[in-house]
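Heads up, structure04.txt below (compact mmCIF, C-alpha atoms):
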# COMPACT_ATOMS: atom_id res chain seq x y z
CA MET A 1 0.00 0.00 0.00
CA ALA A 2 0.96 3.56 0.53
CA GLU A 3 1.98 4.19 -2.98
CA LEU A 4 -0.02 4.46 -6.09
CA ASP A 5 0.30 1.60 -8.44
CA THR A 6 2.16 2.90 -11.41
CA SER A 7 3.14 -0.32 -13.09
CA GLY A 8 2.29 0.35 -16.63
CA GLY A 9 -0.68 -1.13 -18.24
CA GLY A 10 -0.93 -2.04 -21.82
CA LYS A 11 1.40 -4.87 -22.66
CA HIS A 12 -1.58 -6.92 -23.53
CA LYS A 13 -1.05 -8.55 -26.77
CA GLY A 14 -4.35 -9.03 -28.34
CA GLY A 15 -7.33 -9.94 -26.26
CA LYS A 16 -9.42 -7.41 -24.46
CA VAL A 17 -8.00 -4.15 -23.23
CA ARG A 18 -8.87 -4.03 -19.59
CA SER A 19 -9.14 -0.73 -17.85
CA LYS A 20 -6.50 -0.63 -15.18
CA LYS A 21 -7.85 -0.44 -11.63
CA ALA A 22 -5.98 2.25 -9.76
CA SER A 23 -5.37 1.68 -6.08
CA THR A 24 -7.47 3.93 -3.84
CA ARG A 25 -4.88 3.93 -1.11
CA VAL A 26 -3.14 7.16 -0.31
CA ASP A 27 -0.04 7.66 1.74
CA LEU A 28 -1.29 8.83 5.11
CA THR A 29 2.07 9.19 6.84
CA ALA A 30 2.41 12.91 6.33
CA MET A 31 -1.16 13.55 7.40
CA VAL A 32 -0.74 11.55 10.59
CA ASP A 33 2.50 13.37 11.30
CA LEU A 34 0.75 16.69 11.00
CA ALA A 35 -2.21 15.57 13.08
CA PHE A 36 0.00 14.44 15.93
CA LEU A 37 2.03 17.61 15.77
CA LEU A 38 -1.14 19.65 16.17
CA ILE A 39 -2.41 17.40 18.95
CA THR A 40 0.83 17.92 20.83
CA PHE A 41 0.54 21.67 20.37
CA PHE A 42 -3.03 21.84 21.65
CA MET A 43 -2.31 19.50 24.51
CA PHE A 44 0.50 21.70 25.76
CA THR A 45 -1.38 24.93 25.34
CA THR A 46 -4.52 23.86 27.20
CA THR A 47 -4.25 24.80 30.82
CA LEU A 48 -4.72 21.56 32.62
CA ASN A 49 -4.45 22.92 36.12
CA LYS A 50 -7.21 25.42 36.64
CA PRO A 51 -6.58 28.05 39.29
CA LYS A 52 -7.29 26.81 42.77
CA ALA A 53 -8.91 28.95 45.35
CA MET A 54 -9.55 29.06 49.06
CA ASN A 55 -12.80 30.28 50.47
CA LEU A 56 -12.93 33.18 52.82
CA ALA A 57 -16.00 34.40 54.59
CA MET A 58 -15.90 37.72 56.41
CA PRO A 59 -18.39 38.62 59.12
CA ASP A 60 -21.19 40.97 58.15
CA ASN A 61 -20.18 44.16 59.91
CA SER A 62 -23.09 46.27 58.68
CA VAL A 63 -25.56 45.01 61.26
CA PRO A 64 -24.85 45.43 64.94
CA GLN A 65 -24.69 42.00 66.45
CA SER A 66 -25.18 40.83 69.96
CA ASN A 67 -21.82 40.22 71.46
CA LEU A 68 -21.63 36.74 72.80
CA PRO A 69 -19.62 36.46 75.95
CA VAL A 70 -16.60 34.36 75.17
CA ALA A 71 -14.03 33.31 77.69
CA GLU A 72 -10.85 35.22 77.00
CA THR A 73 -8.81 32.13 77.72
CA ARG A 74 -10.29 30.54 74.63
CA THR A 75 -9.10 33.17 72.20
CA MET A 76 -5.78 33.09 70.50
CA THR A 77 -4.68 36.25 68.70
CA ILE A 78 -2.20 36.08 65.87
CA LEU A 79 -0.47 39.28 64.85
CA LEU A 80 1.04 39.22 61.40
CA GLY A 81 4.18 41.33 61.38
CA SER A 82 6.81 42.17 58.83
CA HIS A 83 9.66 39.94 57.59
CA ASN A 84 7.40 36.84 57.66
CA LYS A 85 7.17 36.86 61.43
CA ILE A 86 4.12 36.38 63.58
CA GLU A 87 3.39 37.03 67.23
CA TRP A 88 0.67 35.25 69.09
CA TYR A 89 -0.81 35.35 72.53
CA MET A 90 -3.73 33.87 74.40
CA GLY A 91 -6.40 36.02 76.03
CA LEU A 92 -6.42 39.79 76.26
CA PRO A 93 -3.74 42.01 74.71
CA GLY A 94 -1.04 43.43 76.94
CA LYS A 95 -1.45 40.86 79.70
CA SER A 96 1.19 38.45 78.54
CA ALA A 97 4.08 39.06 76.21
CA PRO A 98 3.36 37.70 72.76
CA THR A 99 5.41 34.80 71.48
CA VAL A 100 7.37 35.49 68.33
CA ASP A 101 7.06 32.70 65.82
CA GLY A 102 7.43 31.94 62.14
CA TYR A 103 5.13 30.37 59.61
CA GLY A 104 5.24 26.72 58.77
CA PRO A 105 4.97 23.35 60.44
CA ASN A 106 7.26 24.12 63.39
CA GLY A 107 6.03 27.65 64.01
CA LEU A 108 2.42 28.64 63.69
CA ARG A 109 1.04 25.15 63.08
CA LYS A 110 2.65 23.72 66.18
CA ALA A 111 1.42 26.64 68.28
CA LEU A 112 -2.11 26.27 66.92
CA ILE A 113 -2.28 22.56 67.63
CA GLU A 114 -0.85 22.92 71.12
CA ASN A 115 -3.11 25.82 72.05
CA ALA A 116 -6.18 24.07 70.66
CA LYS A 117 -5.38 21.02 72.79
CA GLN A 118 -4.89 23.13 75.85
CA VAL A 119 -8.15 25.03 75.35
CA GLU A 120 -9.98 21.79 74.77
CA SER A 121 -8.71 20.26 77.99
CA THR A 122 -9.38 23.28 80.19
CA HIS A 123 -12.92 24.12 79.07
CA ALA A 124 -16.17 22.18 79.23
CA ALA A 125 -17.79 20.83 76.08
CA PRO A 126 -19.41 21.94 73.78
CA ASP A 127 -17.80 25.36 74.10
CA ASN A 128 -14.28 24.12 74.23
CA TYR A 129 -13.02 24.99 70.78
CA MET A 130 -10.43 27.65 70.28
CA ILE A 131 -11.30 30.98 68.68
CA VAL A 132 -8.56 32.53 66.58
CA LEU A 133 -8.31 36.20 65.75
CA ILE A 134 -6.07 37.02 62.82
CA LYS A 135 -4.78 40.56 62.90
CA PRO A 136 -2.70 41.50 59.90
CA SER A 137 -0.56 44.57 60.43
CA ASP A 138 0.11 47.04 57.63
CA LYS A 139 3.54 45.55 57.15
CA SER A 140 2.38 42.00 56.55
CA THR A 141 1.94 40.69 53.03
CA TYR A 142 -0.95 39.02 51.27
CA GLU A 143 1.02 35.80 51.25
CA ASN A 144 1.22 35.92 55.05
CA LEU A 145 -2.55 36.23 55.27
CA VAL A 146 -3.13 33.35 52.89
CA ALA A 147 -0.56 31.22 54.72
CA THR A 148 -2.30 31.92 58.04
CA LEU A 149 -5.73 31.08 56.60
CA ASP A 150 -4.23 27.94 55.15
CA GLU A 151 -2.92 26.93 58.59
CA MET A 152 -6.47 27.38 59.93
CA SER A 153 -7.77 24.81 57.49
CA ILE A 154 -4.82 22.47 58.04
CA THR A 155 -5.17 22.47 61.81
CA GLY A 156 -8.97 22.43 61.59
CA VAL A 157 -9.64 25.56 63.61
CA LYS A 158 -13.42 25.89 63.62
CA SER A 159 -13.77 29.52 64.42
CA TYR A 160 -11.53 32.28 63.13
CA ALA A 161 -11.87 35.81 61.88
CA ILE A 162 -9.78 38.56 60.34
CA VAL A 163 -9.88 41.52 62.69
CA LYS A 164 -8.43 45.00 62.54
CA ILE A 165 -5.23 45.35 64.49
CA LEU A 166 -5.23 47.49 67.66
CA PRO A 167 -2.66 50.23 68.29
CA ILE A 168 -1.45 48.44 71.42
CA GLU A 169 -0.71 45.38 69.29
CA VAL A 170 1.17 47.44 66.73
CA GLU A 171 3.28 48.67 69.64
CA ALA A 172 3.93 45.09 70.69
CA LEU A 173 5.08 44.25 67.19
CA LYS A 174 7.26 47.35 67.08
CA SER A 175 8.93 46.60 70.40
CA GLN A 176 10.03 43.20 69.12
CA GLY A 177 11.19 44.59 65.80
CA ASN A 178 8.51 43.00 63.67
CA TYR A 179 6.86 46.08 62.27
CA MET B 1 21.56 -25.32 -5.44
CA PRO B 2 18.66 -23.04 -5.84
CA ARG B 3 18.43 -20.22 -3.44
CA VAL B 4 15.44 -20.03 -1.15
CA LYS B 5 13.91 -16.69 -1.75
CA VAL B 6 12.41 -14.96 1.26
CA ALA B 7 9.29 -13.16 0.31
CA ARG B 8 9.73 -9.46 0.96
CA LYS B 9 6.98 -7.97 3.05
CA SER B 10 5.91 -4.43 2.63
CA THR B 11 6.90 -2.21 5.56
CA ALA B 12 3.94 0.08 5.04
CA ILE B 13 1.18 -0.18 7.62
CA ASP B 14 -2.43 0.75 7.27
CA MET B 15 -2.65 4.10 8.94
CA THR B 16 -6.33 4.81 8.44
CA ALA B 17 -7.32 3.95 12.01
CA MET B 18 -4.45 5.87 13.51
CA CYS B 19 -5.30 8.85 11.38
CA ASP B 20 -8.92 8.67 12.53
CA VAL B 21 -7.95 8.64 16.18
CA ALA B 22 -5.43 11.42 15.73
CA PHE B 23 -7.96 13.70 14.13
CA LEU B 24 -10.60 12.86 16.70
CA LEU B 25 -8.22 13.90 19.46
CA LEU B 26 -7.18 16.94 17.51
CA THR B 27 -10.80 18.06 17.14
CA PHE B 28 -11.35 17.55 20.86
CA PHE B 29 -8.34 19.63 21.84
CA ILE B 30 -9.16 22.39 19.38
CA LEU B 31 -12.72 22.67 20.63
CA THR B 32 -11.79 22.64 24.30
CA ALA B 33 -8.89 25.07 23.89
CA LYS B 34 -9.45 28.44 25.45
CA PRO B 35 -7.22 31.36 24.62
CA LYS B 36 -5.24 32.33 27.64
CA VAL B 37 -5.97 35.81 28.84
CA GLU B 38 -2.93 37.83 29.68
CA ASP B 39 -3.30 39.27 33.13
CA PRO B 40 -2.08 42.86 33.10
CA SER B 41 -1.80 42.91 36.89
CA LYS B 42 1.02 40.32 36.74
CA ALA B 43 0.07 39.18 40.21
CA GLU B 44 2.08 36.27 41.51
CA VAL B 45 -0.34 34.27 43.59
CA PRO B 46 0.63 32.72 46.92
CA PRO B 47 0.47 28.97 47.48
CA SER B 48 -2.04 27.18 49.68
CA SER B 49 -3.07 23.58 50.23
CA LYS B 50 -6.75 24.09 49.39
CA GLU B 51 -8.13 22.35 46.36
CA VAL B 52 -11.32 24.23 45.66
CA THR B 53 -11.61 25.14 41.99
CA ILE B 54 -13.16 28.45 41.14
CA PRO B 55 -16.24 28.41 38.93
CA GLU B 56 -15.67 28.71 35.19
CA ASP B 57 -18.09 31.47 34.42
CA ASN B 58 -20.02 34.18 36.20
CA VAL B 59 -16.99 35.30 38.14
CA LEU B 60 -16.03 38.78 39.16
CA MET B 61 -12.31 38.83 39.72
CA ILE B 62 -10.38 41.53 41.45
CA SER B 63 -6.64 41.41 40.95
CA ILE B 64 -4.26 43.27 43.18
CA GLY B 65 -1.05 43.66 41.27
CA LYS B 66 2.36 44.98 42.14
CA GLY B 67 2.24 48.41 43.71
CA GLY B 68 -1.33 47.87 44.88
CA LYS B 69 -2.84 48.51 41.45
CA ILE B 70 -6.34 47.14 41.28
CA PHE B 71 -7.63 45.38 38.19
CA LEU B 72 -11.12 44.13 37.55
CA GLY B 73 -12.48 41.45 35.31
CA PHE B 74 -15.95 40.02 35.05
CA SER B 75 -17.47 37.47 32.73
CA GLY B 76 -20.06 38.09 30.03
CA ASN B 77 -19.51 40.27 26.96
CA ASP B 78 -23.04 41.68 27.22
CA VAL B 79 -22.56 42.42 30.90
CA ARG B 80 -19.37 44.32 30.14
CA THR B 81 -21.06 46.40 27.44
CA GLU B 82 -23.95 47.23 29.73
CA ALA B 83 -21.66 48.05 32.65
CA LEU B 84 -19.53 50.41 30.60
CA LYS B 85 -22.61 52.22 29.33
CA THR B 86 -23.88 52.76 32.86
CA MET B 87 -20.43 53.77 34.10
CA GLY B 88 -20.16 56.25 31.23
CA GLU B 89 -23.41 57.84 32.31
CA LYS B 90 -22.26 58.06 35.91
CA TYR B 91 -18.94 59.64 35.04
CA GLY B 92 -20.17 61.83 32.18
CA THR B 93 -18.49 60.09 29.27
CA SER B 94 -20.26 58.53 26.33
CA PHE B 95 -18.74 55.69 24.40
CA THR B 96 -19.03 54.88 20.73
CA PRO B 97 -20.27 51.42 19.66
CA ALA B 98 -16.72 50.58 18.58
CA GLU B 99 -15.42 51.44 22.04
CA LEU B 100 -18.17 49.44 23.70
CA ASN B 101 -17.31 46.50 21.49
CA LYS B 102 -13.65 46.80 22.35
CA PHE B 103 -14.47 46.86 26.04
CA ALA B 104 -16.75 43.82 25.68
CA ASN B 105 -13.72 41.88 24.48
CA THR B 106 -11.43 43.12 27.22
CA GLU B 107 -11.35 40.40 29.83
CA ILE B 108 -9.54 42.36 32.50
CA PHE B 109 -8.79 46.04 32.84
CA GLY B 110 -7.32 48.46 35.31
CA VAL B 111 -7.70 52.04 34.17
CA PRO B 112 -9.46 54.96 35.83
CA MET B 113 -12.57 56.24 34.05
CA LYS B 114 -10.62 59.33 32.95
CA GLN B 115 -8.29 57.15 30.90
CA MET B 116 -10.89 54.69 29.71
CA LYS B 117 -11.47 56.36 26.33
CA GLN B 118 -7.77 56.56 25.65
CA PHE B 119 -7.35 52.94 26.72
CA LEU B 120 -10.11 51.71 24.44
CA ASN B 121 -8.75 53.64 21.47
CA THR B 122 -5.34 52.06 21.78
CA PRO B 123 -4.75 49.63 18.89
CA SER B 124 -4.89 45.98 19.94
CA ASP B 125 -1.22 45.36 19.26
CA GLN B 126 -0.18 48.19 21.56
CA MET B 127 -2.63 47.22 24.31
CA LYS B 128 0.08 45.23 26.06
CA ASN B 129 2.30 48.27 26.43
CA PHE B 130 -0.45 50.53 27.73
CA ALA B 131 0.49 51.39 31.28
CA GLN B 132 -2.62 50.64 33.30
CA ASP B 133 -2.69 52.59 36.52
CA GLY B 134 -5.24 50.48 38.32
CA ILE B 135 -8.77 51.38 39.29
CA PRO B 136 -8.87 54.05 42.00
CA ALA B 137 -10.16 52.71 45.28
CA ASP B 138 -10.21 53.66 48.92
CA THR B 139 -12.08 52.56 52.01
CA THR B 140 -14.93 55.02 51.59
CA ILE B 141 -18.35 53.89 50.44
CA ASN B 142 -18.22 55.66 47.10
CA ASN B 143 -15.21 55.19 44.87
CA GLU B 144 -14.57 54.05 41.34
CA LEU B 145 -13.92 50.42 42.19
CA SER B 146 -17.10 50.09 44.21
CA GLN B 147 -19.06 51.78 41.41
CA TRP B 148 -17.65 49.30 38.92
CA ILE B 149 -18.48 46.32 41.07
CA LEU B 150 -21.96 47.61 41.76
CA THR B 151 -22.65 48.37 38.09
CA ALA B 152 -21.33 45.00 36.98
CA ARG B 153 -23.46 43.18 39.53
CA GLN B 154 -26.56 45.12 38.54
CA ALA B 155 -25.93 44.41 34.85
CA ASP B 156 -25.44 40.70 35.53
CA ARG B 157 -28.63 40.61 37.57
CA ALA B 158 -30.62 42.43 34.88
CA LEU B 159 -29.29 40.44 31.93
CA HIS B 160 -28.84 36.96 33.33
CA GLY B 161 -30.56 37.01 36.70
CA LYS B 162 -27.42 35.62 38.31
CA ASP B 163 -25.07 36.79 41.00
CA PHE B 164 -21.35 36.93 40.50
CA SER B 165 -19.09 34.87 42.68
CA VAL B 166 -16.25 37.06 43.82
CA ALA B 167 -12.66 35.98 43.40
CA ILE B 168 -9.65 37.87 44.69
CA LYS B 169 -6.25 37.41 43.17
CA GLY B 170 -3.46 39.11 45.00
CA ASP B 171 0.24 39.42 44.50
CA ARG B 172 1.99 37.46 47.22
CA LEU B 173 4.27 40.27 48.30
CA GLN B 174 1.61 42.94 48.32
CA GLU B 175 1.24 44.52 51.73
CA TYR B 176 -2.00 44.14 53.63
CA PRO B 177 -3.50 47.68 53.38
CA SER B 178 -4.35 47.27 49.68
CA VAL B 179 -5.99 43.92 50.41
CA ASN B 180 -7.89 45.60 53.22
CA THR B 181 -9.12 48.29 50.80
CA VAL B 182 -10.59 45.69 48.47
CA LEU B 183 -12.14 43.76 51.35
CA SER B 184 -13.77 46.88 52.76
CA VAL B 185 -15.10 47.92 49.33
CA LEU B 186 -16.70 44.50 49.03
CA GLY B 187 -17.87 44.65 52.62
CA HIS B 188 -19.74 47.90 51.96
CA GLN B 189 -21.69 46.07 49.26
CA LYS B 190 -22.48 43.24 51.63
CA LEU B 191 -20.31 40.78 49.81
CA PHE B 192 -18.71 38.64 52.44
CA LYS B 193 -17.78 35.43 50.69
CA TYR B 194 -14.74 35.35 48.48
CA ASP B 195 -12.50 32.90 46.72
CA LEU B 196 -8.87 33.72 47.19
CA ILE B 197 -7.00 32.46 44.16
CA THR B 198 -3.91 30.50 45.07
CA THR B 199 -1.60 27.99 43.51
CA LEU B 200 -1.69 24.48 44.79
CA ARG B 201 0.87 23.29 47.29
CA ALA B 202 0.88 19.68 48.39
CA ALA B 203 -1.16 19.31 51.54
CA PRO B 204 1.07 18.51 54.50
CA LYS B 205 0.55 15.42 56.56
CA LYS B 206 -0.93 16.12 59.91

Would you give me this structure, written as C-alpha cells?
Amino acid sequence: MAELDTSGGGKHKGGKVRSKKASTRVDLTAMVDLAFLLITFFMFTTTLNKPKAMNLAMPDNSVPQSNLPVAETRTMTILLGSHNKIEWYMGLPGKSAPTVDGYGPNGLRKALIENAKQVESTHAAPDNYMIVLIKPSDKSTYENLVATLDEMSITGVKSYAIVKILPIEVEALKSQGNY
Amino acid sequence: MPRVKVARKSTAIDMTAMCDVAFLLLTFFILTAKPKVEDPSKAEVPPSSKEVTIPEDNVLMISIGKGGKIFLGFSGNDVRTEALKTMGEKYGTSFTPAELNKFANTEIFGVPMKQMKQFLNTPSDQMKNFAQDGIPADTTINNELSQWILTARQADRALHGKDFSVAIKGDRLQEYPSVNTVLSVLGHQKLFKYDLITTLRAAPKK
C-alpha cells in the first residue's frame, strides 16, 4: 500500500483491453504526522491545572450584632508582622508578652495545635473549641494572610476571623522589631 | 543449489485507524482550547493547600497587582457592554459602539474612568504596552472600584438574573493595606464570601 500503483498497463497482446484499476490507497504518513504535531501543540497549550482557590468568609459588619460572651482564655490572637514573622498570645492584649514565631509546620502550626489542645482540655464541652483572631498589620503581606488562613484549614480551627489590628498590638510588634 | 527466496513484506502499515484517532483527538483539543488571557496585573499568587476550583463562568475577579494597582475582570460580553454604558453615564463620558465593542472583548482592565477612552482607542497590538494605573479605590463607600463592582453586579442581575461569585487574586508580596481596601469595598456592598485564588501546594501530613 501507501503508494499508487504505477506499473504500466498495456502490454496486452491481443485480447481485451482491460481498464487498469488504480489503487485507492493514499499515503497517510504525512497527514498523521501533522495531526500528531497539532495534537501535541493543543495539549500543551490547554491549561490543565485550573486556578485553585480558598474560600474566605468575612463577618457581616453592617448590622450590629449581639456580642456573645466568650471566655478570653479561649481566644488566640495572631499578629502578622513584617519579615514573615508572627506574634501570638492567648487572652487579652497586653497581659502576657506575645510569642514570636514563624510560619510553617514548626512555628504557627505547632502553636495552633498545642493551644487548641490546651483550650480543649481546660474548658467544658461543647464550648471548648479555640477561637482565633487574625490581625494583619500594615507591614504583613498578602502571602502571610493566605498562609495563616491555610494553617487554619490544616489544623482544623473551627472559628476564626480577620480583625483590625489594635494600636497596642502594633506597639507590641514594634517593640520586638517586627513592624 | 537453488536459493530459497524470502518473500519481501511491505513495511507500510495501514494508517487509516491511527489517522482517525489522531484527528478525533485533535478536534477535541481544538474545541476545548481556550485562549489564555494575559493578566495585566502580573500578580504572583501565593500557594495554599486548598483544592477548591473556582467556577468557570459568572466570576467577578479583582486582581491586586504589584504596587497595589487594582484590576477588575468580570465574565459576560453583554454584561461588560452594559456596565460600561452605565459607568459612562455616571462619570459623564459617552462611548461609541466601537469602544463598547472593544471593552466587551477586554477580559480584565485596570484604568481609571478618565483614561478609559484613551485605553479603548489604543490599537490591539499596543494594548500590552499601555500602562494601566489600576482602578482608583479607597475605604470610603463611594469610589470608582465600588461603582464598577456595583454596576457590573446590577448588569449581571438584569441580563442573566445571576449573582457573581467574587474571586480575589493578590500578589503574594503585596502589603496588607491594599488587600484591606478591596475587602472593605466588598464589605460595603455586603459581599462577604470570596474565593482567594492560590496555587496548589501539596497538603502537609498532619

Determine which residues of chain A sit within 7 Å of chain B, taking into account only C-alpha atoms, and present them as a ChimeraX atom specification. /A:1-2,28,32,35-36,38-39,42-43,46,50-60,136-143,147,150

Can I get the selection written as a PDB file, keeping the file's coordinate frame, with C-alpha atoms?
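Output below, filename out-v2.pdb:
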ATOM      1  CA  MET A   1       0.000   0.000   0.000  1.00  0.00           C
ATOM      2  CA  ALA A   2       0.960   3.560   0.530  1.00  0.00           C
ATOM      3  CA  LEU A  28      -1.290   8.830   5.110  1.00  0.00           C
ATOM      4  CA  VAL A  32      -0.740  11.550  10.590  1.00  0.00           C
ATOM      5  CA  ALA A  35      -2.210  15.570  13.080  1.00  0.00           C
ATOM      6  CA  PHE A  36       0.000  14.440  15.930  1.00  0.00           C
ATOM      7  CA  LEU A  38      -1.140  19.650  16.170  1.00  0.00           C
ATOM      8  CA  ILE A  39      -2.410  17.400  18.950  1.00  0.00           C
ATOM      9  CA  PHE A  42      -3.030  21.840  21.650  1.00  0.00           C
ATOM     10  CA  MET A  43      -2.310  19.500  24.510  1.00  0.00           C
ATOM     11  CA  THR A  46      -4.520  23.860  27.200  1.00  0.00           C
ATOM     12  CA  LYS A  50      -7.210  25.420  36.640  1.00  0.00           C
ATOM     13  CA  PRO A  51      -6.580  28.050  39.290  1.00  0.00           C
ATOM     14  CA  LYS A  52      -7.290  26.810  42.770  1.00  0.00           C
ATOM     15  CA  ALA A  53      -8.910  28.950  45.350  1.00  0.00           C
ATOM     16  CA  MET A  54      -9.550  29.060  49.060  1.00  0.00           C
ATOM     17  CA  ASN A  55     -12.800  30.280  50.470  1.00  0.00           C
ATOM     18  CA  LEU A  56     -12.930  33.180  52.820  1.00  0.00           C
ATOM     19  CA  ALA A  57     -16.000  34.400  54.590  1.00  0.00           C
ATOM     20  CA  MET A  58     -15.900  37.720  56.410  1.00  0.00           C
ATOM     21  CA  PRO A  59     -18.390  38.620  59.120  1.00  0.00           C
ATOM     22  CA  ASP A  60     -21.190  40.970  58.150  1.00  0.00           C
ATOM     23  CA  PRO A 136      -2.700  41.500  59.900  1.00  0.00           C
ATOM     24  CA  SER A 137      -0.560  44.570  60.430  1.00  0.00           C
ATOM     25  CA  ASP A 138       0.110  47.040  57.630  1.00  0.00           C
ATOM     26  CA  LYS A 139       3.540  45.550  57.150  1.00  0.00           C
ATOM     27  CA  SER A 140       2.380  42.000  56.550  1.00  0.00           C
ATOM     28  CA  THR A 141       1.940  40.690  53.030  1.00  0.00           C
ATOM     29  CA  TYR A 142      -0.950  39.020  51.270  1.00  0.00           C
ATOM     30  CA  GLU A 143       1.020  35.800  51.250  1.00  0.00           C
ATOM     31  CA  ALA A 147      -0.560  31.220  54.720  1.00  0.00           C
ATOM     32  CA  ASP A 150      -4.230  27.940  55.150  1.00  0.00           C
TER      33      ASP A 150
END

Contact residues around Phe119 of chain B with all atoms listed in the file at 8 Å, ignoring same-chain residues under 6 positions, as a ChimeraX atom specification: /B:111,127,130

Selected residues written out, C-alpha atoms, as a PDB file, in the frame of the given file:
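Output contents, as saved in part-v2.pdb:
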ATOM      1  CA  VAL B 111      -7.700  52.040  34.170  1.00  0.00           C
ATOM      2  CA  MET B 127      -2.630  47.220  24.310  1.00  0.00           C
ATOM      3  CA  PHE B 130      -0.450  50.530  27.730  1.00  0.00           C
TER       4      PHE B 130
END

One residue among A:Leu166, A:Leu149, A:Val17, A:Ala30 is nearest to Arg109 of chain A when using only C-alpha atoms, and that residue is A:Leu149

Distance query Tyr91 of chain B at most 12 Å, only C-alpha atoms, self and fewer than 2 positions along chain excluded, as a list in words: Leu84, Lys85, Thr86, Met87, Gly88, Glu89, Thr93, Ser94, Phe95, Pro112, Met113, Lys114, Gln115, Met116, Lys117, Asn143, Glu144, Gln147 and Trp148 of chain B

Excluding Ala111 of chain A and any residue of its chain fewer than 6 positions from it, enumerate the residues within 10 Å of it, using all atoms listed in the file, and give them as a CSV table (one decimal) with C-alpha atoms, keeping the file's coordinate frame.
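File around_20.csv, as written:
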chain,number,residue,atom,x,y,z
A,76,MET,CA,-5.8,33.1,70.5
A,88,TRP,CA,0.7,35.2,69.1
A,89,TYR,CA,-0.8,35.4,72.5
A,99,THR,CA,5.4,34.8,71.5
A,101,ASP,CA,7.1,32.7,65.8
A,105,PRO,CA,5.0,23.4,60.4
A,117,LYS,CA,-5.4,21.0,72.8

Near-Asn84 of chain A list (8 Å; only C-alpha atoms; drop same-chain fewer than 5 positions) as number ranges by chain: A: 102-103, 140, 144

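In this structure, atom CA of Ser159 of chain A sits 20.7 Å away from atom CA of Pro98 of chain A.
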
Work out how far atom CA of Phe103 of chain B is from atom CA of Leu150 of chain B, in Å to one decimal. 17.4 Å
